[in-house]
>>> print(open('entry.txt').read())   # compact mmCIF, N, CA and C atoms
# COMPACT_ATOMS: atom_id res chain seq x y z
N MET L 89 16.05 17.45 -46.11
CA MET L 89 17.21 16.58 -46.21
C MET L 89 18.30 17.29 -46.99
N SER L 90 19.50 17.31 -46.44
CA SER L 90 20.61 17.97 -47.12
C SER L 90 21.39 16.96 -47.95
N ARG L 91 21.96 17.43 -49.02
CA ARG L 91 22.77 16.57 -49.89
C ARG L 91 24.24 16.80 -49.59
N LYS L 92 25.01 15.72 -49.70
CA LYS L 92 26.45 15.84 -49.49
C LYS L 92 27.04 16.66 -50.63
N ARG L 93 27.96 17.53 -50.28
CA ARG L 93 28.65 18.31 -51.32
C ARG L 93 29.77 17.50 -51.94
N TYR L 94 30.31 16.55 -51.17
CA TYR L 94 31.39 15.72 -51.68
C TYR L 94 31.47 14.43 -50.88
N GLU L 95 32.22 13.47 -51.42
CA GLU L 95 32.41 12.18 -50.78
C GLU L 95 33.91 11.93 -50.66
N ILE L 96 34.37 11.45 -49.53
CA ILE L 96 35.77 11.10 -49.36
C ILE L 96 35.85 9.59 -49.13
N VAL L 97 36.71 8.94 -49.91
CA VAL L 97 36.89 7.49 -49.85
C VAL L 97 38.38 7.21 -49.68
N SER L 98 38.72 6.31 -48.77
CA SER L 98 40.11 5.89 -48.58
C SER L 98 40.22 4.40 -48.86
N THR L 99 41.27 4.03 -49.57
CA THR L 99 41.52 2.63 -49.90
C THR L 99 42.95 2.30 -49.50
N THR L 100 43.13 1.20 -48.77
CA THR L 100 44.47 0.76 -48.35
C THR L 100 44.95 -0.37 -49.25
N PHE L 101 46.28 -0.43 -49.41
CA PHE L 101 46.91 -1.42 -50.28
C PHE L 101 48.08 -2.08 -49.57
N ASP L 102 48.34 -3.34 -49.93
CA ASP L 102 49.52 -4.02 -49.41
C ASP L 102 50.72 -3.68 -50.30
N LYS L 103 51.88 -4.26 -50.00
CA LYS L 103 53.12 -3.95 -50.72
C LYS L 103 53.04 -4.30 -52.20
N LYS L 104 52.20 -5.30 -52.55
CA LYS L 104 52.06 -5.71 -53.95
C LYS L 104 50.97 -4.92 -54.68
N GLY L 105 50.36 -3.96 -54.01
CA GLY L 105 49.34 -3.12 -54.63
C GLY L 105 47.94 -3.70 -54.60
N ARG L 106 47.74 -4.75 -53.80
CA ARG L 106 46.41 -5.35 -53.68
C ARG L 106 45.58 -4.59 -52.65
N VAL L 107 44.31 -4.41 -52.95
CA VAL L 107 43.40 -3.71 -52.04
C VAL L 107 43.20 -4.54 -50.78
N ILE L 108 43.32 -3.87 -49.63
CA ILE L 108 43.05 -4.51 -48.35
C ILE L 108 41.67 -4.11 -47.85
N ALA L 109 41.43 -2.80 -47.78
CA ALA L 109 40.16 -2.31 -47.24
C ALA L 109 39.85 -0.92 -47.79
N SER L 110 38.59 -0.53 -47.67
CA SER L 110 38.15 0.77 -48.13
C SER L 110 37.11 1.31 -47.16
N SER L 111 37.02 2.64 -47.03
CA SER L 111 36.06 3.24 -46.11
C SER L 111 35.76 4.67 -46.54
N VAL L 112 34.69 5.21 -46.00
CA VAL L 112 34.30 6.60 -46.23
C VAL L 112 34.25 7.31 -44.88
N ASN L 113 34.08 8.65 -44.89
CA ASN L 113 33.92 9.40 -43.65
C ASN L 113 32.62 9.00 -42.96
N PHE L 114 32.67 8.88 -41.63
CA PHE L 114 31.48 8.63 -40.82
C PHE L 114 31.32 9.81 -39.88
N TYR L 115 30.50 10.77 -40.26
CA TYR L 115 30.34 11.98 -39.46
C TYR L 115 29.51 11.75 -38.20
N ARG L 116 28.74 10.66 -38.15
CA ARG L 116 27.88 10.40 -37.00
C ARG L 116 28.46 9.34 -36.07
N LYS L 117 29.67 8.87 -36.37
CA LYS L 117 30.33 7.89 -35.51
C LYS L 117 31.64 8.49 -35.03
N SER L 118 32.04 8.11 -33.82
CA SER L 118 33.30 8.61 -33.28
C SER L 118 34.19 7.43 -32.92
N HIS L 119 35.45 7.74 -32.68
CA HIS L 119 36.39 6.70 -32.28
C HIS L 119 37.47 7.34 -31.40
N PRO L 120 37.87 6.68 -30.32
CA PRO L 120 38.88 7.27 -29.43
C PRO L 120 40.23 7.51 -30.11
N LEU L 121 40.54 6.74 -31.16
CA LEU L 121 41.82 6.98 -31.85
C LEU L 121 41.84 8.33 -32.55
N MET L 122 40.69 8.81 -33.02
CA MET L 122 40.67 10.14 -33.65
C MET L 122 41.04 11.21 -32.62
N LYS L 123 40.50 11.08 -31.41
CA LYS L 123 40.84 12.03 -30.34
C LYS L 123 42.32 11.93 -30.00
N HIS L 124 42.83 10.70 -29.90
CA HIS L 124 44.24 10.47 -29.57
C HIS L 124 45.16 11.14 -30.60
N PHE L 125 44.92 10.89 -31.87
CA PHE L 125 45.79 11.44 -32.90
C PHE L 125 45.57 12.93 -33.12
N ALA L 126 44.38 13.43 -32.81
CA ALA L 126 44.14 14.88 -32.88
C ALA L 126 45.02 15.59 -31.85
N LYS L 127 45.12 15.02 -30.65
CA LYS L 127 46.00 15.60 -29.61
C LYS L 127 47.45 15.59 -30.07
N ILE L 128 47.89 14.46 -30.65
CA ILE L 128 49.27 14.35 -31.14
C ILE L 128 49.56 15.39 -32.21
N ALA L 129 48.57 15.63 -33.08
CA ALA L 129 48.75 16.58 -34.19
C ALA L 129 48.55 18.03 -33.76
N GLY L 130 48.17 18.25 -32.51
CA GLY L 130 47.96 19.61 -32.02
C GLY L 130 46.63 20.19 -32.46
N GLU L 131 45.69 19.32 -32.82
CA GLU L 131 44.37 19.79 -33.22
C GLU L 131 43.39 19.60 -32.07
N SER L 132 42.16 20.06 -32.26
CA SER L 132 41.15 19.97 -31.21
C SER L 132 40.85 18.52 -30.86
N GLU L 133 40.81 18.24 -29.57
CA GLU L 133 40.48 16.89 -29.12
C GLU L 133 39.00 16.58 -29.34
N HIS L 134 38.25 17.56 -29.81
CA HIS L 134 36.84 17.35 -30.15
C HIS L 134 36.68 16.80 -31.57
N LYS L 135 37.80 16.64 -32.25
CA LYS L 135 37.78 16.08 -33.60
C LYS L 135 37.76 14.56 -33.46
N VAL L 136 36.57 13.99 -33.33
CA VAL L 136 36.47 12.56 -33.02
C VAL L 136 35.70 11.75 -34.06
N SER L 137 35.07 12.42 -35.05
CA SER L 137 34.34 11.63 -36.04
C SER L 137 35.33 10.84 -36.88
N ILE L 138 34.89 9.67 -37.33
CA ILE L 138 35.79 8.76 -38.05
C ILE L 138 36.03 9.25 -39.47
N HIS L 139 37.27 9.60 -39.76
CA HIS L 139 37.66 9.99 -41.11
C HIS L 139 37.85 8.72 -41.94
N ALA L 140 37.76 8.86 -43.24
CA ALA L 140 37.87 7.71 -44.15
C ALA L 140 39.20 6.97 -43.95
N GLU L 141 40.26 7.72 -43.69
CA GLU L 141 41.57 7.11 -43.51
C GLU L 141 41.58 6.15 -42.31
N LEU L 142 41.04 6.61 -41.17
CA LEU L 142 41.00 5.75 -39.99
C LEU L 142 40.06 4.58 -40.21
N GLY L 143 38.92 4.83 -40.83
CA GLY L 143 37.97 3.75 -41.10
C GLY L 143 38.61 2.63 -41.91
N ALA L 144 39.36 3.00 -42.95
CA ALA L 144 40.03 1.99 -43.77
C ALA L 144 41.10 1.26 -42.97
N MET L 145 41.87 1.99 -42.16
CA MET L 145 42.92 1.35 -41.36
C MET L 145 42.32 0.38 -40.35
N LEU L 146 41.20 0.73 -39.73
CA LEU L 146 40.56 -0.15 -38.76
C LEU L 146 40.07 -1.44 -39.42
N LYS L 147 39.60 -1.33 -40.64
CA LYS L 147 39.11 -2.52 -41.36
C LYS L 147 40.24 -3.47 -41.76
N CYS L 148 41.48 -2.99 -41.75
CA CYS L 148 42.63 -3.82 -42.15
C CYS L 148 43.00 -4.85 -41.09
N GLY L 149 42.57 -4.63 -39.88
CA GLY L 149 42.94 -5.56 -38.80
C GLY L 149 44.44 -5.56 -38.60
N ASP L 150 45.06 -6.75 -38.63
CA ASP L 150 46.51 -6.83 -38.41
C ASP L 150 47.29 -6.92 -39.71
N LYS L 151 46.64 -6.71 -40.85
CA LYS L 151 47.34 -6.76 -42.13
C LYS L 151 48.19 -5.50 -42.30
N PRO L 152 49.45 -5.65 -42.70
CA PRO L 152 50.30 -4.46 -42.88
C PRO L 152 49.86 -3.65 -44.11
N VAL L 153 49.77 -2.34 -43.92
CA VAL L 153 49.36 -1.43 -44.99
C VAL L 153 50.60 -0.73 -45.52
N HIS L 154 50.82 -0.84 -46.82
CA HIS L 154 51.96 -0.18 -47.46
C HIS L 154 51.60 1.22 -47.95
N SER L 155 50.41 1.35 -48.55
CA SER L 155 50.00 2.65 -49.08
C SER L 155 48.51 2.86 -48.93
N ILE L 156 48.11 4.12 -49.06
CA ILE L 156 46.70 4.48 -48.98
C ILE L 156 46.40 5.51 -50.06
N LEU L 157 45.22 5.43 -50.62
CA LEU L 157 44.73 6.41 -51.61
C LEU L 157 43.50 7.05 -51.02
N VAL L 158 43.54 8.38 -50.88
CA VAL L 158 42.41 9.14 -50.35
C VAL L 158 41.83 9.94 -51.51
N GLN L 159 40.54 9.74 -51.76
CA GLN L 159 39.90 10.38 -52.91
C GLN L 159 38.71 11.23 -52.48
N ARG L 160 38.57 12.37 -53.14
CA ARG L 160 37.44 13.27 -52.88
C ARG L 160 36.80 13.60 -54.21
N TYR L 161 35.48 13.42 -54.28
CA TYR L 161 34.73 13.72 -55.49
C TYR L 161 33.49 14.53 -55.13
N ASP L 162 33.21 15.55 -55.96
CA ASP L 162 32.00 16.34 -55.72
C ASP L 162 30.79 15.67 -56.36
N ALA L 163 29.64 16.29 -56.23
CA ALA L 163 28.40 15.70 -56.73
C ALA L 163 28.42 15.48 -58.24
N GLN L 164 29.24 16.24 -58.95
CA GLN L 164 29.36 16.09 -60.40
C GLN L 164 30.43 15.07 -60.80
N GLY L 165 31.13 14.50 -59.81
CA GLY L 165 32.16 13.51 -60.09
C GLY L 165 33.54 14.08 -60.33
N ASN L 166 33.72 15.37 -60.08
CA ASN L 166 35.03 16.00 -60.26
C ASN L 166 35.90 15.74 -59.03
N SER L 167 37.17 15.44 -59.26
CA SER L 167 38.07 15.19 -58.12
C SER L 167 38.46 16.51 -57.47
N GLY L 168 38.71 16.44 -56.17
CA GLY L 168 39.11 17.62 -55.41
C GLY L 168 40.21 17.25 -54.44
N LEU L 169 40.70 18.25 -53.71
CA LEU L 169 41.79 18.04 -52.78
C LEU L 169 41.36 17.12 -51.63
N ALA L 170 42.10 16.03 -51.46
CA ALA L 170 41.80 15.06 -50.41
C ALA L 170 43.04 14.74 -49.58
N LYS L 171 43.98 15.69 -49.51
CA LYS L 171 45.18 15.46 -48.70
C LYS L 171 44.75 15.23 -47.25
N PRO L 172 45.25 14.17 -46.62
CA PRO L 172 44.86 13.90 -45.24
C PRO L 172 45.14 15.08 -44.31
N CYS L 173 44.23 15.29 -43.36
CA CYS L 173 44.40 16.36 -42.37
C CYS L 173 45.57 16.00 -41.45
N PRO L 174 46.06 16.95 -40.66
CA PRO L 174 47.17 16.65 -39.74
C PRO L 174 46.90 15.49 -38.80
N THR L 175 45.65 15.34 -38.34
CA THR L 175 45.31 14.22 -37.46
C THR L 175 45.51 12.89 -38.19
N CYS L 176 45.00 12.81 -39.41
CA CYS L 176 45.14 11.57 -40.18
C CYS L 176 46.59 11.33 -40.60
N GLN L 177 47.34 12.40 -40.88
CA GLN L 177 48.75 12.24 -41.21
C GLN L 177 49.49 11.61 -40.03
N ALA L 178 49.21 12.08 -38.81
CA ALA L 178 49.85 11.51 -37.61
C ALA L 178 49.45 10.05 -37.44
N MET L 179 48.18 9.74 -37.69
CA MET L 179 47.71 8.37 -37.55
C MET L 179 48.36 7.46 -38.58
N LEU L 180 48.43 7.88 -39.84
CA LEU L 180 49.03 7.05 -40.89
C LEU L 180 50.51 6.80 -40.62
N LYS L 181 51.19 7.82 -40.14
CA LYS L 181 52.61 7.66 -39.79
C LYS L 181 52.77 6.64 -38.65
N SER L 182 51.91 6.76 -37.65
CA SER L 182 51.96 5.85 -36.50
C SER L 182 51.70 4.40 -36.91
N PHE L 183 50.81 4.20 -37.87
CA PHE L 183 50.49 2.85 -38.33
C PHE L 183 51.50 2.33 -39.35
N GLY L 184 52.50 3.13 -39.70
CA GLY L 184 53.57 2.67 -40.58
C GLY L 184 53.24 2.66 -42.07
N VAL L 185 52.26 3.44 -42.48
CA VAL L 185 51.93 3.54 -43.91
C VAL L 185 53.08 4.26 -44.62
N LYS L 186 53.61 3.64 -45.67
CA LYS L 186 54.80 4.18 -46.35
C LYS L 186 54.48 5.26 -47.37
N ILE L 187 53.40 5.10 -48.14
CA ILE L 187 53.07 6.02 -49.22
C ILE L 187 51.63 6.49 -49.08
N VAL L 188 51.43 7.80 -49.19
CA VAL L 188 50.09 8.38 -49.12
C VAL L 188 49.82 9.05 -50.46
N ARG L 189 48.75 8.62 -51.12
CA ARG L 189 48.32 9.23 -52.38
C ARG L 189 46.97 9.89 -52.13
N TYR L 190 46.73 11.02 -52.82
CA TYR L 190 45.46 11.72 -52.65
C TYR L 190 45.12 12.49 -53.91
N THR L 191 43.83 12.69 -54.11
CA THR L 191 43.38 13.42 -55.29
C THR L 191 43.52 14.92 -55.07
N THR L 192 43.69 15.62 -56.19
CA THR L 192 43.62 17.08 -56.25
C THR L 192 42.76 17.39 -57.47
N SER L 193 42.48 18.64 -57.71
CA SER L 193 41.71 18.99 -58.91
C SER L 193 42.53 18.75 -60.18
N GLU L 194 43.85 18.61 -60.04
CA GLU L 194 44.72 18.36 -61.19
C GLU L 194 45.07 16.89 -61.38
N GLY L 195 44.70 16.03 -60.44
CA GLY L 195 45.04 14.60 -60.55
C GLY L 195 45.45 14.05 -59.20
N ILE L 196 46.30 13.03 -59.21
CA ILE L 196 46.72 12.37 -57.97
C ILE L 196 48.15 12.78 -57.61
N LYS L 197 48.35 13.14 -56.35
CA LYS L 197 49.68 13.47 -55.82
C LYS L 197 50.01 12.43 -54.76
N GLU L 198 51.29 12.36 -54.38
CA GLU L 198 51.68 11.43 -53.33
C GLU L 198 52.86 11.97 -52.54
N TYR L 199 53.02 11.43 -51.34
CA TYR L 199 54.19 11.73 -50.54
C TYR L 199 54.58 10.48 -49.77
N ALA L 200 55.87 10.38 -49.49
CA ALA L 200 56.39 9.26 -48.68
C ALA L 200 56.18 9.64 -47.22
N ASN L 201 55.74 8.69 -46.44
CA ASN L 201 55.43 8.95 -45.05
C ASN L 201 56.60 8.61 -44.17
>>> encode(input="entry.txt", output="structure tokens")
Amino acid sequence: MSRKRYEIVSTTFDKKGRVIASSVNFYRKSHPLMKHFAKIAGESEHKVSIHAELGAMLKCGDKPVHSILVQRYDAQGNSGLAKPCPTCQAMLKSFGVKIVRYTTSEGIKEYAN
């Protein structure tokens, strides 16, 4: 049995900063939206496993998402770079997410979408 080297968690928030939904990467599940946004981002259409960002967005249903926080932690609990990949960036932009925050080894960074 192999151990995960790190965990990625995404949490979505409404305009008032209230948590809407949270999700982790699902490497054994796929979703057609990952393939769709991978094509838009110019990445491999074989990139179909559900990333934490898409998982959290899917759990939101029709609730509008204002911001998302993507976090990556190693087995020792240290934060690492969790900037969304180009596929997830395209997806978040398409869903109208205004602010994207993500962990780095130095703390949390953000960008306006």
>>> residues_around(input="entry.txt", residues="L:Gly165", least_positions_apart="5", cutoff="10 Å", atoms="only C-alpha atoms", output="PyMOL selection string")
chain L and resi 94-95+160
>>> write_last_selection(input="entry.txt", atoms="N, CA and C atoms", output="PDB file, keeping the file's coordinate frame")
ATOM      1  N   TYR L  94      30.310  16.550 -51.170  1.00  0.00           N
ATOM      2  CA  TYR L  94      31.390  15.720 -51.680  1.00  0.00           C
ATOM      3  C   TYR L  94      31.470  14.430 -50.880  1.00  0.00           C
ATOM      4  N   GLU L  95      32.220  13.470 -51.420  1.00  0.00           N
ATOM      5  CA  GLU L  95      32.410  12.180 -50.780  1.00  0.00           C
ATOM      6  C   GLU L  95      33.910  11.930 -50.660  1.00  0.00           C
ATOM      7  N   ARG L 160      38.570  12.370 -53.140  1.00  0.00           N
ATOM      8  CA  ARG L 160      37.440  13.270 -52.880  1.00  0.00           C
ATOM      9  C   ARG L 160      36.800  13.600 -54.210  1.00  0.00           C
TER      10      ARG L 160
END
>>> residues_around(input="entry.txt", residues="L:Lys135", least_positions_apart="5", cutoff="7 Å", atoms="only N, CA and C atoms", output="ChimeraX atom specification")
/L:122-123,126
>>> atom_distance(input="entry.txt", atom1="atom CA of L:Ser167", atom2="atom CA of L:Val112")
15.1 Å
>>> atom_distance(input="entry.txt", atom1="atom C of L:Asn201", atom2="atom C of L:Asn166")
26.5 Å
>>> closest_residue(input="entry.txt", among="L:Leu169, L:Cys148, L:Val188, L:Ala200", to="L:Ser110", atoms="all atoms listed in the file")
L:Cys148
>>> closest_residue(input="entry.txt", among="L:Leu180, L:Ala129, L:Val185, L:Ile96", to="L:Pro152", atoms="all atoms listed in the file")
L:Val185
>>> closest_residue(input="entry.txt", among="L:His119, L:Gly168, L:Ser132, L:Asp162", to="L:Gly195", atoms="only N, CA and C atoms")
L:Gly168
>>> closest_residue(input="entry.txt", among="L:Glu133, L:Lys104, L:Ala170, L:Ala178", to="L:Leu157", atoms="only C-alpha atoms")
L:Ala170
>>> axis_aligned_box(input="entry.txt", around="stretch 133-145 of chain L", padding_each_side="6 Å", output="JSON")
{"center_x": 38.6, "center_y": 9.3, "center_z": -36.6, "size_x": 20.6, "size_y": 29.9, "size_z": 27.0}
>>> closest_residue(input="entry.txt", among="L:Leu146, L:Ala109, L:Met179, L:Ala140", to="L:Val158", atoms="only C-alpha atoms")
L:Ala140
>>> atom_distance(input="entry.txt", atom1="atom C of L:Thr175", atom2="atom N of L:Phe125")
6.7 Å
>>> decode(input="entry.txt", residues="stretch 175-196 of chain L", atoms="N, CA, C and O atoms", output="short mmCIF file (atom, residue, chain, number, x, y, z; two decimals), in the first residue's frame")
data_model
loop_
_atom_site.label_atom_id
_atom_site.label_comp_id
_atom_site.auth_asym_id
_atom_site.auth_seq_id
_atom_site.Cartn_x
_atom_site.Cartn_y
_atom_site.Cartn_z
N THR L 175 -6.02 23.79 -16.45
CA THR L 175 -7.36 23.25 -16.65
C THR L 175 -8.32 23.80 -15.60
O THR L 175 -9.41 24.27 -15.92
N CYS L 176 -7.90 23.77 -14.34
CA CYS L 176 -8.76 24.28 -13.27
C CYS L 176 -8.91 25.80 -13.34
O CYS L 176 -9.98 26.32 -13.03
N GLN L 177 -7.87 26.50 -13.77
CA GLN L 177 -7.99 27.94 -13.94
C GLN L 177 -9.06 28.27 -14.97
O GLN L 177 -9.89 29.16 -14.76
N ALA L 178 -9.08 27.53 -16.08
CA ALA L 178 -10.10 27.75 -17.12
C ALA L 178 -11.49 27.44 -16.57
O ALA L 178 -12.45 28.17 -16.84
N MET L 179 -11.59 26.37 -15.79
CA MET L 179 -12.87 25.99 -15.22
C MET L 179 -13.37 27.03 -14.23
O MET L 179 -14.53 27.45 -14.28
N LEU L 180 -12.50 27.51 -13.34
CA LEU L 180 -12.91 28.51 -12.34
C LEU L 180 -13.33 29.81 -13.01
O LEU L 180 -14.31 30.44 -12.59
N LYS L 181 -12.63 30.20 -14.05
CA LYS L 181 -13.00 31.41 -14.79
C LYS L 181 -14.38 31.23 -15.44
O LYS L 181 -15.24 32.11 -15.37
N SER L 182 -14.60 30.07 -16.03
CA SER L 182 -15.88 29.78 -16.69
C SER L 182 -17.05 29.80 -15.69
O SER L 182 -18.14 30.25 -16.02
N PHE L 183 -16.80 29.33 -14.48
CA PHE L 183 -17.85 29.30 -13.46
C PHE L 183 -18.01 30.65 -12.76
O PHE L 183 -18.87 30.79 -11.89
N GLY L 184 -17.20 31.64 -13.12
CA GLY L 184 -17.36 32.98 -12.58
C GLY L 184 -16.78 33.21 -11.19
O GLY L 184 -17.17 34.16 -10.50
N VAL L 185 -15.84 32.38 -10.78
CA VAL L 185 -15.18 32.57 -9.48
C VAL L 185 -14.32 33.83 -9.56
O VAL L 185 -13.51 33.98 -10.47
N LYS L 186 -14.52 34.75 -8.62
CA LYS L 186 -13.85 36.06 -8.67
C LYS L 186 -12.44 36.04 -8.09
O LYS L 186 -11.55 36.70 -8.60
N ILE L 187 -12.23 35.31 -6.98
CA ILE L 187 -10.94 35.32 -6.29
C ILE L 187 -10.47 33.89 -6.07
O ILE L 187 -11.23 33.05 -5.58
N VAL L 188 -9.21 33.64 -6.41
CA VAL L 188 -8.61 32.32 -6.20
C VAL L 188 -7.46 32.49 -5.22
O VAL L 188 -6.54 33.27 -5.45
N ARG L 189 -7.54 31.77 -4.11
CA ARG L 189 -6.47 31.76 -3.11
C ARG L 189 -5.86 30.36 -3.09
O ARG L 189 -6.57 29.38 -3.27
N TYR L 190 -4.55 30.30 -2.84
CA TYR L 190 -3.88 28.99 -2.80
C TYR L 190 -2.66 29.06 -1.89
O TYR L 190 -2.07 30.13 -1.69
N THR L 191 -2.32 27.91 -1.33
CA THR L 191 -1.17 27.86 -0.44
C THR L 191 0.13 27.79 -1.25
O THR L 191 0.15 27.31 -2.38
N THR L 192 1.19 28.28 -0.62
CA THR L 192 2.56 28.12 -1.10
C THR L 192 3.37 27.73 0.14
O THR L 192 2.84 27.71 1.25
N SER L 193 4.63 27.46 -0.03
CA SER L 193 5.46 27.14 1.14
C SER L 193 5.67 28.37 2.01
O SER L 193 6.03 28.26 3.18
N GLU L 194 5.41 29.56 1.48
CA GLU L 194 5.55 30.80 2.24
C GLU L 194 4.24 31.31 2.84
O GLU L 194 4.23 32.30 3.55
N GLY L 195 3.12 30.70 2.50
CA GLY L 195 1.82 31.17 3.00
C GLY L 195 0.77 31.12 1.91
O GLY L 195 0.87 30.33 0.98
N ILE L 196 -0.23 32.00 2.00
CA ILE L 196 -1.34 32.01 1.04
C ILE L 196 -1.19 33.17 0.07
O ILE L 196 -0.92 34.29 0.47
#
